[in-house]
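Have a look at work-v9.csv below; it lists CSV, C-alpha atoms.
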```csv
chain,number,residue,atom,x,y,z
A,1,MET,CA,7.2,-42.7,-9.7
A,2,GLY,CA,7.5,-39.0,-10.1
A,3,ALA,CA,8.9,-36.6,-7.6
A,4,ALA,CA,6.7,-35.4,-4.7
A,5,ARG,CA,4.7,-32.3,-5.6
A,6,VAL,CA,5.0,-29.6,-2.9
A,7,GLY,CA,2.6,-26.6,-3.3
A,8,VAL,CA,4.0,-23.2,-2.5
A,9,VAL,CA,1.3,-20.6,-1.7
A,10,THR,CA,1.5,-17.0,-2.8
A,11,PHE,CA,-0.6,-14.3,-1.2
A,12,PRO,CA,-0.5,-10.7,-2.0
A,13,GLY,CA,2.6,-9.6,0.0
A,14,THR,CA,4.3,-13.0,0.2
A,15,LEU,CA,8.0,-12.6,-0.1
A,16,ASP,CA,9.7,-16.0,0.3
A,17,ASP,CA,7.8,-18.1,-2.2
A,18,GLN,CA,10.5,-18.1,-4.8
A,19,ASP,CA,13.1,-19.3,-2.2
A,20,ALA,CA,10.7,-21.9,-1.0
A,21,ALA,CA,10.1,-23.2,-4.5
A,22,ARG,CA,13.8,-23.2,-5.1
A,23,ALA,CA,14.4,-25.2,-1.9
A,24,VAL,CA,11.8,-27.8,-3.0
A,25,ARG,CA,13.5,-28.2,-6.4
A,26,HIS,CA,16.9,-28.3,-4.8
A,27,ALA,CA,15.9,-31.3,-2.8
A,28,GLY,CA,14.5,-33.0,-5.9
A,29,GLY,CA,10.8,-32.2,-5.5
A,30,GLU,CA,8.4,-30.5,-7.9
A,31,ALA,CA,7.3,-27.1,-6.6
A,32,VAL,CA,3.7,-26.3,-7.6
A,33,PRO,CA,2.7,-22.6,-7.4
A,34,LEU,CA,-0.6,-22.2,-5.5
A,35,TRP,CA,-2.5,-18.9,-5.7
A,36,HIS,CA,-4.3,-17.5,-2.7
A,37,ALA,CA,-7.5,-16.6,-4.7
A,38,ASP,CA,-7.9,-20.1,-6.2
A,39,HIS,CA,-10.1,-22.9,-4.7
A,40,ASP,CA,-7.6,-25.4,-5.9
A,41,LEU,CA,-4.7,-27.3,-4.2
A,42,ARG,CA,-3.8,-28.8,-7.6
A,43,GLY,CA,-3.5,-32.3,-6.1
A,44,VAL,CA,-0.2,-31.6,-4.3
A,45,ASP,CA,1.3,-34.0,-1.8
A,46,ALA,CA,2.3,-31.3,0.7
A,47,VAL,CA,2.0,-27.5,1.1
A,48,PHE,CA,4.6,-24.8,2.1
A,49,LEU,CA,3.2,-21.5,3.4
A,50,PRO,CA,6.1,-19.1,3.1
A,51,GLY,CA,7.0,-15.9,4.9
A,52,GLY,CA,6.4,-12.3,4.0
A,53,PHE,CA,3.6,-9.8,4.8
A,54,SER,CA,0.5,-11.3,3.4
A,55,TYR,CA,-2.3,-8.8,3.0
A,56,GLY,CA,0.2,-6.2,4.4
A,57,ASP,CA,-0.2,-7.8,7.9
A,58,TYR,CA,-3.3,-5.7,8.1
A,59,LEU,CA,-5.4,-6.2,11.4
A,60,ARG,CA,-3.0,-8.9,12.6
A,61,CYS,CA,-0.3,-11.0,10.9
A,62,GLY,CA,-2.2,-13.8,9.0
A,63,ALA,CA,-5.7,-12.6,10.1
A,64,ILE,CA,-6.9,-11.9,6.6
A,65,SER,CA,-4.9,-14.6,4.8
A,66,ARG,CA,-6.7,-17.1,6.9
A,67,PHE,CA,-9.9,-16.5,5.0
A,68,ALA,CA,-8.4,-16.6,1.5
A,69,PRO,CA,-10.2,-19.0,-0.9
A,70,LEU,CA,-7.1,-21.3,-1.0
A,71,MET,CA,-7.2,-21.6,2.8
A,72,GLU,CA,-10.8,-22.8,2.6
A,73,GLU,CA,-9.4,-25.8,0.8
A,74,LEU,CA,-6.2,-26.1,2.8
A,75,ILE,CA,-7.7,-26.0,6.3
A,76,PRO,CA,-9.8,-29.2,5.9
A,77,ALA,CA,-7.1,-30.9,3.9
A,78,ALA,CA,-4.6,-30.2,6.7
A,79,ARG,CA,-7.0,-31.5,9.3
A,80,ALA,CA,-7.3,-34.7,7.2
A,81,GLY,CA,-3.5,-35.2,7.2
A,82,LEU,CA,-2.0,-33.2,4.4
A,83,PRO,CA,1.5,-32.2,5.4
A,84,VAL,CA,1.7,-28.4,5.8
A,85,LEU,CA,4.8,-26.3,6.8
A,86,GLY,CA,4.5,-22.6,7.6
A,87,THR,CA,7.5,-20.4,8.2
A,88,CYS,CA,7.4,-17.0,9.7
A,89,ASN,CA,4.2,-15.4,8.2
A,90,GLY,CA,3.2,-18.9,7.3
A,91,PHE,CA,3.4,-19.9,11.0
A,92,GLN,CA,1.3,-16.8,11.9
A,93,ILE,CA,-1.3,-17.9,9.3
A,94,LEU,CA,-1.4,-21.4,10.6
A,95,CYS,CA,-2.1,-20.1,14.1
A,96,GLU,CA,-4.8,-17.6,12.9
A,97,ALA,CA,-6.4,-20.5,11.0
A,98,HIS,CA,-6.4,-22.6,14.3
A,99,LEU,CA,-4.4,-25.4,12.6
A,100,LEU,CA,-1.9,-24.7,15.3
A,101,PRO,CA,-2.6,-23.5,18.9
A,102,GLY,CA,-1.5,-20.2,20.3
A,103,ALA,CA,-0.5,-17.0,18.6
A,104,LEU,CA,2.5,-14.9,17.6
A,105,THR,CA,2.7,-11.4,19.1
A,106,ARG,CA,5.0,-8.4,18.9
A,107,ASN,CA,8.7,-9.2,19.8
A,108,GLN,CA,9.3,-8.5,23.4
A,109,GLY,CA,12.1,-6.1,22.6
A,110,LEU,CA,9.8,-4.4,20.0
A,111,HIS,CA,12.7,-4.5,17.4
A,112,TYR,CA,12.5,-6.4,14.1
A,113,VAL,CA,15.2,-9.0,14.5
A,114,CYS,CA,17.2,-10.2,11.5
A,115,ARG,CA,20.1,-12.6,12.2
A,116,ASP,CA,21.3,-16.1,12.1
A,117,GLN,CA,19.8,-18.1,15.0
A,118,ARG,CA,20.7,-21.4,16.5
A,119,VAL,CA,17.8,-23.7,17.1
A,120,ARG,CA,17.5,-27.3,18.4
A,121,VAL,CA,15.3,-30.0,16.8
A,122,GLU,CA,13.1,-31.2,19.7
A,123,ASN,CA,11.0,-33.6,17.7
A,124,ALA,CA,12.5,-35.4,14.8
A,125,THR,CA,9.3,-37.5,14.0
A,126,THR,CA,7.1,-34.9,12.3
A,127,ALA,CA,6.4,-34.9,8.6
A,128,TRP,CA,8.9,-32.1,8.2
A,129,THR,CA,11.7,-33.1,10.6
A,130,ALA,CA,12.1,-36.8,10.2
A,131,ASP,CA,15.4,-36.4,8.3
A,132,TYR,CA,17.0,-34.7,11.3
A,133,ALA,CA,18.4,-36.3,14.4
A,134,PRO,CA,16.7,-35.7,17.8
A,135,GLY,CA,18.5,-32.8,19.5
A,136,GLN,CA,20.3,-31.8,16.4
A,137,GLU,CA,21.3,-28.1,16.3
A,138,LEU,CA,20.6,-26.0,13.3
A,139,LEU,CA,21.7,-22.5,12.2
A,140,LEU,CA,18.9,-20.8,10.4
A,141,PRO,CA,18.1,-17.2,9.5
A,142,VAL,CA,15.3,-15.4,11.5
A,143,LYS,CA,13.7,-12.1,10.3
A,144,HIS,CA,10.6,-11.0,12.0
A,145,GLY,CA,9.0,-8.3,14.2
A,146,GLU,CA,6.1,-10.4,15.5
A,147,GLY,CA,7.4,-13.8,16.4
A,148,ARG,CA,6.8,-14.1,20.2
A,149,TYR,CA,4.9,-17.4,20.6
A,150,VAL,CA,2.3,-17.3,23.3
A,151,ALA,CA,-0.4,-19.6,24.5
A,152,ASP,CA,-2.2,-20.2,27.8
A,153,ALA,CA,-0.5,-22.3,30.4
A,154,ALA,CA,-2.6,-25.4,29.8
A,155,THR,CA,-1.8,-25.3,26.0
A,156,ILE,CA,1.9,-24.8,26.7
A,157,ALA,CA,1.9,-27.8,29.1
A,158,ALA,CA,0.1,-29.9,26.5
A,159,LEU,CA,2.5,-29.0,23.8
A,160,GLU,CA,5.5,-29.8,26.0
A,161,SER,CA,4.2,-33.1,27.2
A,162,GLY,CA,2.9,-34.2,23.8
A,163,GLY,CA,6.2,-33.5,22.0
A,164,GLN,CA,4.6,-30.7,19.9
A,165,VAL,CA,7.4,-28.3,20.7
A,166,VAL,CA,9.4,-29.1,17.5
A,167,PHE,CA,12.1,-26.4,17.7
A,168,ARG,CA,13.6,-24.3,20.5
A,169,TYR,CA,15.9,-21.3,20.3
A,170,LEU,CA,19.4,-21.8,21.6
A,171,GLY,CA,21.4,-18.8,22.9
A,172,ALA,CA,19.5,-15.5,23.1
A,173,ASN,CA,15.8,-15.8,22.4
A,174,PRO,CA,15.1,-13.3,19.5
A,175,ASN,CA,11.5,-12.5,20.5
A,176,GLY,CA,10.8,-13.5,24.1
A,177,SER,CA,8.7,-16.6,23.1
A,178,ILE,CA,7.4,-18.7,26.0
A,179,ASN,CA,9.9,-21.6,26.9
A,180,ASP,CA,12.1,-20.4,24.0
A,181,ILE,CA,9.7,-22.0,21.6
A,182,ALA,CA,10.7,-21.5,17.9
A,183,GLY,CA,8.3,-23.9,16.3
A,184,ILE,CA,5.5,-26.3,17.1
A,185,SER,CA,3.3,-29.0,15.4
A,186,ASN,CA,-0.3,-30.1,15.6
A,187,GLU,CA,-1.1,-33.3,17.5
A,188,ALA,CA,-0.8,-35.5,14.4
A,189,GLY,CA,2.6,-34.0,13.4
A,190,ASN,CA,1.6,-33.2,9.8
A,191,VAL,CA,1.3,-29.4,10.4
A,192,VAL,CA,4.4,-27.7,11.5
A,193,GLY,CA,5.1,-23.9,12.0
A,194,LEU,CA,8.3,-22.1,12.9
A,195,MET,CA,9.6,-18.6,12.8
A,196,PRO,CA,13.1,-19.4,11.4
A,197,HIS,CA,13.6,-19.8,7.6
A,198,PRO,CA,14.9,-23.2,6.4
A,199,GLU,CA,14.2,-22.1,2.8
A,200,HIS,CA,16.9,-19.5,3.1
A,201,ALA,CA,19.5,-22.1,4.3
A,202,VAL,CA,19.8,-24.6,1.5
A,203,GLU,CA,22.7,-23.3,-0.6
A,204,GLU,CA,26.1,-21.8,0.2
A,205,LEU,CA,25.9,-19.6,-2.9
A,206,THR,CA,23.2,-17.3,-1.5
A,207,GLY,CA,25.2,-16.3,1.5
A,208,ALA,CA,23.2,-18.6,3.8
A,209,PRO,CA,24.8,-19.2,7.2
A,210,SER,CA,24.4,-23.0,6.7
A,211,VAL,CA,22.7,-25.6,4.6
A,212,ASP,CA,20.8,-26.8,7.7
A,213,GLY,CA,17.4,-26.0,6.2
A,214,ARG,CA,17.7,-28.8,3.6
A,215,GLY,CA,16.4,-31.4,6.1
A,216,PHE,CA,12.9,-30.0,6.0
A,217,PHE,CA,12.7,-30.7,2.3
A,218,THR,CA,14.4,-34.0,2.3
A,219,SER,CA,12.1,-35.0,5.2
A,220,ILE,CA,9.0,-34.4,3.2
A,221,LEU,CA,10.3,-35.9,0.0
A,222,LYS,CA,11.4,-39.1,1.6
A,223,ARG,CA,8.0,-39.4,3.2
A,224,PHE,CA,6.5,-39.8,-0.2
A,225,VAL,CA,9.1,-42.1,-1.5
A,226,ASN,CA,8.5,-44.4,1.5
A,227,LEU,CA,4.7,-44.4,1.2
B,1,MET,CA,-28.1,4.1,10.8
B,2,ALA,CA,-26.1,3.3,13.9
B,3,ARG,CA,-22.4,3.2,14.9
B,4,VAL,CA,-21.2,0.2,16.9
B,5,ILE,CA,-17.8,0.4,18.6
B,6,VAL,CA,-15.7,-2.7,19.1
B,7,ASP,CA,-12.8,-2.4,21.5
B,8,VAL,CA,-10.1,-5.1,21.2
B,9,MET,CA,-7.5,-5.4,24.0
B,10,LEU,CA,-4.8,-8.0,24.6
B,11,LYS,CA,-5.8,-10.3,27.5
B,12,PRO,CA,-4.4,-9.1,30.8
B,13,GLU,CA,-2.0,-12.0,31.0
B,14,ILE,CA,-0.5,-11.3,27.5
B,15,LEU,CA,2.6,-9.1,27.5
B,16,ASP,CA,2.1,-5.8,25.8
B,17,PRO,CA,5.6,-4.4,25.0
B,18,GLN,CA,4.1,-1.5,23.0
B,19,GLY,CA,2.1,-0.3,26.0
B,20,GLN,CA,5.2,-0.7,28.2
B,21,ALA,CA,7.2,1.4,25.8
B,22,ILE,CA,4.6,4.1,25.9
B,23,ALA,CA,4.5,4.0,29.7
B,24,ARG,CA,8.3,4.4,29.8
B,25,ALA,CA,8.1,7.4,27.4
B,26,LEU,CA,5.5,9.4,29.5
B,27,PRO,CA,7.8,10.4,32.4
B,28,ARG,CA,10.4,11.7,29.9
B,29,LEU,CA,7.6,13.9,28.5
B,30,GLY,CA,6.8,15.3,32.0
B,31,PHE,CA,3.7,13.1,32.7
B,32,SER,CA,3.8,11.6,36.1
B,33,GLY,CA,1.5,9.3,38.1
B,34,VAL,CA,1.0,6.7,35.4
B,35,THR,CA,1.5,3.1,36.6
B,36,GLU,CA,0.6,1.2,33.4
B,37,VAL,CA,-0.4,1.7,29.8
B,38,ARG,CA,-2.0,-1.0,27.6
B,39,GLN,CA,-2.6,-0.5,23.9
B,40,GLY,CA,-5.5,-1.8,22.0
B,41,LYS,CA,-7.6,-1.4,18.9
B,42,ARG,CA,-10.9,0.4,18.3
B,43,PHE,CA,-13.2,-0.5,15.4
B,44,GLU,CA,-16.1,1.8,14.3
B,45,VAL,CA,-18.7,-0.3,12.6
B,46,GLU,CA,-21.3,1.7,10.6
B,47,LEU,CA,-24.6,-0.2,10.2
B,48,ASP,CA,-27.2,0.6,7.5
B,49,GLY,CA,-30.0,-0.1,10.0
B,50,PRO,CA,-30.7,0.2,13.8
B,51,ALA,CA,-28.3,-1.4,16.3
B,52,ASP,CA,-30.9,-3.9,17.5
B,53,GLU,CA,-30.2,-7.2,19.2
B,54,ALA,CA,-29.9,-9.0,15.9
B,55,ALA,CA,-27.4,-6.5,14.5
B,56,LEU,CA,-25.4,-6.6,17.7
B,57,ALA,CA,-25.3,-10.3,17.6
B,58,ASP,CA,-23.8,-10.0,14.1
B,59,VAL,CA,-21.2,-7.5,15.2
B,60,ARG,CA,-20.2,-9.9,18.1
B,61,LYS,CA,-19.8,-12.6,15.5
B,62,MET,CA,-17.6,-10.3,13.4
B,63,ALA,CA,-15.5,-9.6,16.5
B,64,GLU,CA,-15.2,-13.3,17.3
B,65,THR,CA,-14.4,-14.3,13.7
B,66,LEU,CA,-12.1,-11.5,12.4
B,67,LEU,CA,-11.7,-8.4,14.6
B,68,ALA,CA,-10.2,-10.1,17.6
B,69,ASN,CA,-8.0,-13.2,17.9
B,70,THR,CA,-9.7,-14.6,21.0
B,71,VAL,CA,-6.6,-16.7,21.8
B,72,ILE,CA,-4.8,-13.6,22.9
B,73,GLU,CA,-7.4,-10.8,22.8
B,74,ASP,CA,-10.7,-9.8,24.5
B,75,TYR,CA,-13.3,-7.7,22.8
B,76,ALA,CA,-16.2,-5.5,24.0
B,77,VAL,CA,-19.1,-4.3,21.8
B,78,ARG,CA,-21.1,-1.1,22.5
B,79,VAL,CA,-23.5,1.2,20.6
B,80,GLU,CA,-22.3,4.7,20.3
B,81,PRO,CA,-25.1,7.0,21.5
```

Take the structure from the file and write it as structure tokens.
Amino acid sequence: MGAARVGVVTFPGTLDDQDAARAVRHAGGEAVPLWHADHDLRGVDAVFLPGGFSYGDYLRCGAISRFAPLMEELIPAARAGLPVLGTCNGFQILCEAHLLPGALTRNQGLHYVCRDQRVRVENATTAWTADYAPGQELLLPVKHGEGRYVADAATIAALESGGQVVFRYLGANPNGSINDIAGISNEAGNVVGLMPHPEHAVEELTGAPSVDGRGFFTSILKRFVNL
Amino acid sequence: MARVIVDVMLKPEILDPQGQAIARALPRLGFSGVTEVRQGKRFEVELDGPADEAALADVRKMAETLLANTVIEDYAVRVEP
């Protein structure tokens, strides 16, 4: 059988799509470019929503991207089980699209934070984290100004008790997110969003702090080998 | 022709670090007596017809769908006299 085909979405203002596609190829998958203005998921097995400033972050981060033609296809497909990963701006888009609960707001310290961040894998059973060990610590780049995850108390309690908190910051919290939440999943575990950037941590050559991001891509590729 | 104003504010329980920074700057500028500042957004929506109940219902739908993220924000719709 052929390699799993992972769609990488480009909106106007997306920055990390080339790194995301490279990370998919590095893990042995086929990266399929998806264009925001198309009503076509091109039959992909999974979708990566990369970071950047889609639509200039106008109104709110992800607020306009959510209504892109491609999203009209992606939202029902994700609800039906298509694995979707959103990092940084991709996470913001998933929250605006209500594929994930809660929202991402201005960093508590108001500063844009760009640094290497330790995070802990809290749930190693999702479509995108199955190749990690539970409790495994990763070192991944973060780079964002609006990454403070918030949700109402009932939603936070449900996320915590349901194992939907997938990643938590270790050490200093870069943005003041509730319960040090760095990433979450939907109830089914096929949709995952996080602020850190695994696609920037797959090769030593690029100055990455680690190659800890590889597990996201090997997780999703193994899933399709095993099907 | 009518102008409808939509005010969007973070919900009271959501931290507003921008408002806090503004509040901290005011005493340095010589303004006293301010206990809190919260920052929001104001949208001016120009209609090509009257701001009747149907038009206002439409604007409320706009606010609900796009102008506000009701997970973290409240909105208020009013007609500018």

Please build the interface table for segment 100-187 of chain A against segment 62-75 of chain B with a cut-off of 9 Å, listing for each qualifying residue the nearest atom pair and the distance in Å to one decimal; count all atoms listed in the file, order rows by chain and increasing number, and write it as a Markdown table.
```
| residue | atom | partner | partner_atom | distance |
| --- | --- | --- | --- | --- |
| A:Pro101 | CA | B:Val71 | CA | 8.4 |
| A:Gly102 | CA | B:Val71 | CA | 6.4 |
| A:Ala103 | CA | B:Val71 | CA | 6.9 |
| A:Thr105 | CA | B:Ile72 | CA | 8.7 |
| A:Val150 | CA | B:Ile72 | CA | 8.0 |
| A:Ala151 | CA | B:Val71 | CA | 7.4 |
| A:Asp152 | CA | B:Val71 | CA | 8.2 |
```

Selection: 9 Å around segment 28-43 of chain B, all atoms listed in the file, excl. self and same-chain fewer than 5 positions, as a PyMOL selection string: chain B and resi 4-10+16-23+67

Two-atom distance - atom CA of Pro69 of chain A, atom CA of Leu82 of chain A (Å):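 Taking atom CA of Pro69 of chain A and atom CA of Leu82 of chain A, their separation equals 17.2 Å.
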
Val211 of chain A surroundings by all atoms listed in the file, 8 Å radius, close-in-sequence under 3 positions cut, as a list of chain:residue names: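 Surrounding residues, per the criterion: A:Ala201, A:Val202, A:Glu203, A:Glu204, A:Ala208, A:Arg214.
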
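Comparing A:Arg106, A:Arg120, A:His111, A:Arg5 by their smallest distance to chain B, the closest is A:Arg106 (using all atoms listed in the file).
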
Distance filter 12 Å, all atoms listed in the file, chain A against chain B, as a PyMOL selection string: chain A and resi 58-67+92-93+95-98+100-111+145-146+148-153+155+175-178

Atom CA of Pro12 of chain A to atom CA of Leu49 of chain A, distance in Å rounded to a single decimal: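 Separating atom CA of Pro12 of chain A from atom CA of Leu49 of chain A is a distance of 12.6 Å.
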
Two-atom distance - atom CA of Cys114 of chain A, atom CA of Glu30 of chain A (Å): 29.4 Å

At a cut-off of 8 Å from (13.3, -27.9, 0.3) in the coordinates of the file, what residues are picked up using all atoms listed in the file, written as a PDB file with C-alpha atoms, in the frame of the given file?
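That gives us part16.pdb:
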```
ATOM      1  CA  ALA A  20      10.700 -21.900  -1.000  1.00  0.00           C
ATOM      2  CA  ALA A  21      10.100 -23.200  -4.500  1.00  0.00           C
ATOM      3  CA  ARG A  22      13.800 -23.200  -5.100  1.00  0.00           C
ATOM      4  CA  ALA A  23      14.400 -25.200  -1.900  1.00  0.00           C
ATOM      5  CA  VAL A  24      11.800 -27.800  -3.000  1.00  0.00           C
ATOM      6  CA  ARG A  25      13.500 -28.200  -6.400  1.00  0.00           C
ATOM      7  CA  HIS A  26      16.900 -28.300  -4.800  1.00  0.00           C
ATOM      8  CA  ALA A  27      15.900 -31.300  -2.800  1.00  0.00           C
ATOM      9  CA  GLY A  29      10.800 -32.200  -5.500  1.00  0.00           C
ATOM     10  CA  PRO A 198      14.900 -23.200   6.400  1.00  0.00           C
ATOM     11  CA  GLU A 199      14.200 -22.100   2.800  1.00  0.00           C
ATOM     12  CA  VAL A 202      19.800 -24.600   1.500  1.00  0.00           C
ATOM     13  CA  GLY A 213      17.400 -26.000   6.200  1.00  0.00           C
ATOM     14  CA  ARG A 214      17.700 -28.800   3.600  1.00  0.00           C
ATOM     15  CA  GLY A 215      16.400 -31.400   6.100  1.00  0.00           C
ATOM     16  CA  PHE A 216      12.900 -30.000   6.000  1.00  0.00           C
ATOM     17  CA  PHE A 217      12.700 -30.700   2.300  1.00  0.00           C
ATOM     18  CA  THR A 218      14.400 -34.000   2.300  1.00  0.00           C
TER      19      THR A 218
END
```
